[in-house]
Amino acid sequence: MRYQSKAMIGDIPVLCVAVGPDIQSQQVRGRAVGVIAVGDVAVGIIAVGALAAGVIAIGGLAFGVISVGGVALGLIALGGLAIGGVAVGGLAVGIRSLGGLAIGPHPTGGMRIYWPSS
(Lines give C-alpha, C1' and ligand atoms only; values in the text may rest on other atoms or scores of the structure.)
Protein backbone atom coordinates (compact mmCIF):
# COMPACT_ATOMS: atom_id res chain seq x y z
CA MET A 1 0.00 0.00 0.00
CA ARG A 2 1.34 3.42 -0.92
CA TYR A 3 -0.03 6.88 -0.16
CA GLN A 4 1.61 10.28 -0.33
CA SER A 5 -0.18 13.51 0.52
CA LYS A 6 -0.29 16.30 -2.02
CA ALA A 7 0.62 18.81 0.70
CA MET A 8 4.38 19.26 0.68
CA ILE A 9 6.96 21.10 2.75
CA GLY A 10 9.73 21.69 0.25
CA ASP A 11 10.20 18.34 -1.49
CA ILE A 12 8.92 16.32 1.48
CA PRO A 13 5.28 15.21 1.75
CA VAL A 14 3.41 15.97 4.96
CA LEU A 15 2.16 12.36 5.14
CA CYS A 16 3.71 9.31 3.51
CA VAL A 17 2.50 5.73 3.98
CA ALA A 18 4.36 2.78 2.46
CA VAL A 19 3.56 -0.68 3.77
CA GLY A 20 4.50 -4.02 2.24
CA PRO A 21 6.01 -4.88 -1.13
CA ASP A 22 5.37 -2.78 -4.23
CA ILE A 23 5.58 -4.62 -7.55
CA GLN A 24 5.70 -1.47 -9.69
CA SER A 25 8.79 -0.02 -8.00
CA GLN A 26 10.20 -3.49 -7.15
CA GLN A 27 10.45 -2.66 -3.45
CA VAL A 28 10.43 -5.55 -1.01
CA ARG A 29 9.73 -3.24 1.95
CA GLY A 30 7.77 -0.02 2.03
CA ARG A 31 10.04 3.00 2.50
CA ALA A 32 8.20 6.06 3.77
CA VAL A 33 9.80 9.49 3.95
CA GLY A 34 7.73 12.46 5.12
CA VAL A 35 6.99 14.83 7.96
CA ILE A 36 4.75 12.01 9.22
CA ALA A 37 6.02 8.69 7.88
CA VAL A 38 4.36 5.31 8.33
CA GLY A 39 5.88 2.24 6.74
CA ASP A 40 8.10 -0.79 7.00
CA VAL A 41 11.06 1.62 6.99
CA ALA A 42 9.97 5.11 8.07
CA VAL A 43 11.97 8.34 8.21
CA GLY A 44 10.35 11.61 9.29
CA ILE A 45 9.77 14.03 12.11
CA ILE A 46 7.18 11.53 13.37
CA ALA A 47 8.10 8.04 12.16
CA VAL A 48 6.18 4.82 12.76
CA GLY A 49 7.42 1.53 11.33
CA ALA A 50 9.36 -1.67 11.81
CA LEU A 51 12.49 0.46 11.45
CA ALA A 52 11.76 4.07 12.41
CA ALA A 53 14.01 7.12 12.51
CA GLY A 54 12.82 10.60 13.44
CA VAL A 55 12.42 13.17 16.16
CA ILE A 56 9.64 10.95 17.53
CA ALA A 57 10.19 7.34 16.45
CA ILE A 58 7.93 4.40 17.20
CA GLY A 59 8.78 0.93 15.94
CA GLY A 60 10.49 -2.40 16.38
CA LEU A 61 13.85 -0.67 16.00
CA ALA A 62 13.48 3.04 16.78
CA PHE A 63 16.07 5.83 16.50
CA GLY A 64 15.07 9.32 17.62
CA VAL A 65 15.10 12.08 20.19
CA ILE A 66 12.08 10.33 21.72
CA SER A 67 12.05 6.67 20.74
CA VAL A 68 9.66 3.90 21.68
CA GLY A 69 10.15 0.34 20.47
CA GLY A 70 11.45 -3.15 20.98
CA VAL A 71 14.95 -1.71 20.64
CA ALA A 72 14.93 2.04 21.27
CA LEU A 73 17.89 4.38 20.91
CA GLY A 74 17.50 8.06 21.66
CA LEU A 75 17.74 10.93 24.08
CA ILE A 76 14.61 9.53 25.76
CA ALA A 77 14.26 5.81 25.04
CA LEU A 78 11.49 3.44 26.09
CA GLY A 79 11.65 -0.20 25.02
CA GLY A 80 12.59 -3.79 25.72
CA LEU A 81 16.18 -2.69 25.18
CA ALA A 82 16.45 1.05 25.76
CA ILE A 83 19.67 2.98 25.24
CA GLY A 84 19.75 6.73 25.75
CA GLY A 85 20.12 9.68 28.07
CA VAL A 86 16.97 8.66 29.91
CA ALA A 87 16.28 4.97 29.31
CA VAL A 88 13.31 2.93 30.52
CA GLY A 89 12.96 -0.74 29.63
CA GLY A 90 13.62 -4.35 30.46
CA LEU A 91 17.31 -3.67 29.83
CA ALA A 92 17.97 0.04 30.20
CA VAL A 93 21.33 1.68 29.56
CA GLY A 94 21.62 5.42 30.10
CA ILE A 95 22.62 8.34 32.29
CA ARG A 96 19.25 7.91 34.02
CA SER A 97 18.11 4.32 33.60
CA LEU A 98 15.10 2.46 34.95
CA GLY A 99 14.53 -1.22 34.22
CA GLY A 100 14.72 -4.83 35.21
CA LEU A 101 18.43 -4.49 34.52
CA ALA A 102 19.50 -0.85 34.69
CA ILE A 103 23.02 0.19 33.71
CA GLY A 104 24.48 3.67 34.06
CA PRO A 105 25.72 6.33 36.45
CA HIS A 106 22.26 6.68 38.07
CA PRO A 107 20.40 3.34 37.64
CA THR A 108 17.08 2.46 39.25
CA GLY A 109 15.34 -0.88 39.02
CA GLY A 110 15.50 -4.58 39.76
CA MET A 111 19.23 -5.08 39.24
CA ARG A 112 21.39 -1.97 39.17
CA ILE A 113 24.84 -1.80 37.64
CA TYR A 114 26.69 1.44 38.31
CA TRP A 115 28.78 2.14 35.24
CA PRO A 116 31.25 3.67 34.94
CA SER A 117 32.09 2.67 38.47
CA SER A 118 33.68 5.28 40.69
# chains A, B, ... in the order shown; residues from 1 in each chain; ligands from 1
call {"tool": "closest_atom_pairs", "arguments": {"of": "segment 62-81 of chain A", "to": "segment 22-44 of chain A", "cutoff": "10 Å", "atoms": "only C-alpha atoms", "output": "JSON lines"}}
result
{"residue": "A:Ala62", "atom": "CA", "partner": "A:Ala42", "partner_atom": "CA", "distance": 9.6}
{"residue": "A:Phe63", "atom": "CA", "partner": "A:Val43", "partner_atom": "CA", "distance": 9.6}
{"residue": "A:Gly64", "atom": "CA", "partner": "A:Gly44", "partner_atom": "CA", "distance": 9.8}
call {"tool": "residues_around", "arguments": {"residues": "segment 85-93 of chain A", "least_positions_apart": "3", "cutoff": "8 Å", "atoms": "only C-alpha atoms", "output": "count of residues only"}}
result
18
call {"tool": "residues_around", "arguments": {"residues": "Lys6 of chain A", "least_positions_apart": "4", "cutoff": "10 Å", "atoms": "only C-alpha atoms", "output": "list in words"}}
result
Ile12, Pro13, Val14, Leu15 and Cys16 of chain A
call {"tool": "residues_around", "arguments": {"residues": "Arg2 of chain A", "least_positions_apart": "3", "cutoff": "7 Å", "atoms": "only C-alpha atoms", "output": "PyMOL selection string"}}
result
chain A and resi 17-19
call {"tool": "residues_around", "arguments": {"residues": "Gly59 of chain A", "least_positions_apart": "4", "cutoff": "6 Å", "atoms": "only C-alpha atoms", "output": "PyMOL selection string"}}
result
chain A and resi 48-52+69
call {"tool": "select_by_dssp", "arguments": {"residues": "chain A", "states": "strand (DSSP E)", "output": "JSON, numbers by chain"}}
result
{"A": [2, 3, 4, 8, 9, 12, 13, 15, 16, 17, 18, 31, 32, 33, 36, 37, 38, 39, 40, 41, 42, 43, 44, 45, 46, 47, 48, 49, 50, 51, 52, 53, 54, 55, 56, 57, 58, 59, 60, 61, 62, 63, 64, 65, 66, 67, 68, 69, 70, 71, 72, 73, 74, 75, 76, 77, 78, 79, 80, 81, 82, 83, 84, 85, 86, 87, 88, 89, 90, 91, 92, 93, 94, 95, 96, 97, 98, 99, 100, 101, 102, 103, 104, 106, 107, 108, 109, 110, 111, 112, 113, 114]}
call {"tool": "closest_residue", "arguments": {"among": "A:Val55, A:Met1, A:Ala47, A:Ile95", "to": "Tyr114 of chain A", "atoms": "only C-alpha atoms"}}
result
A:Ile95
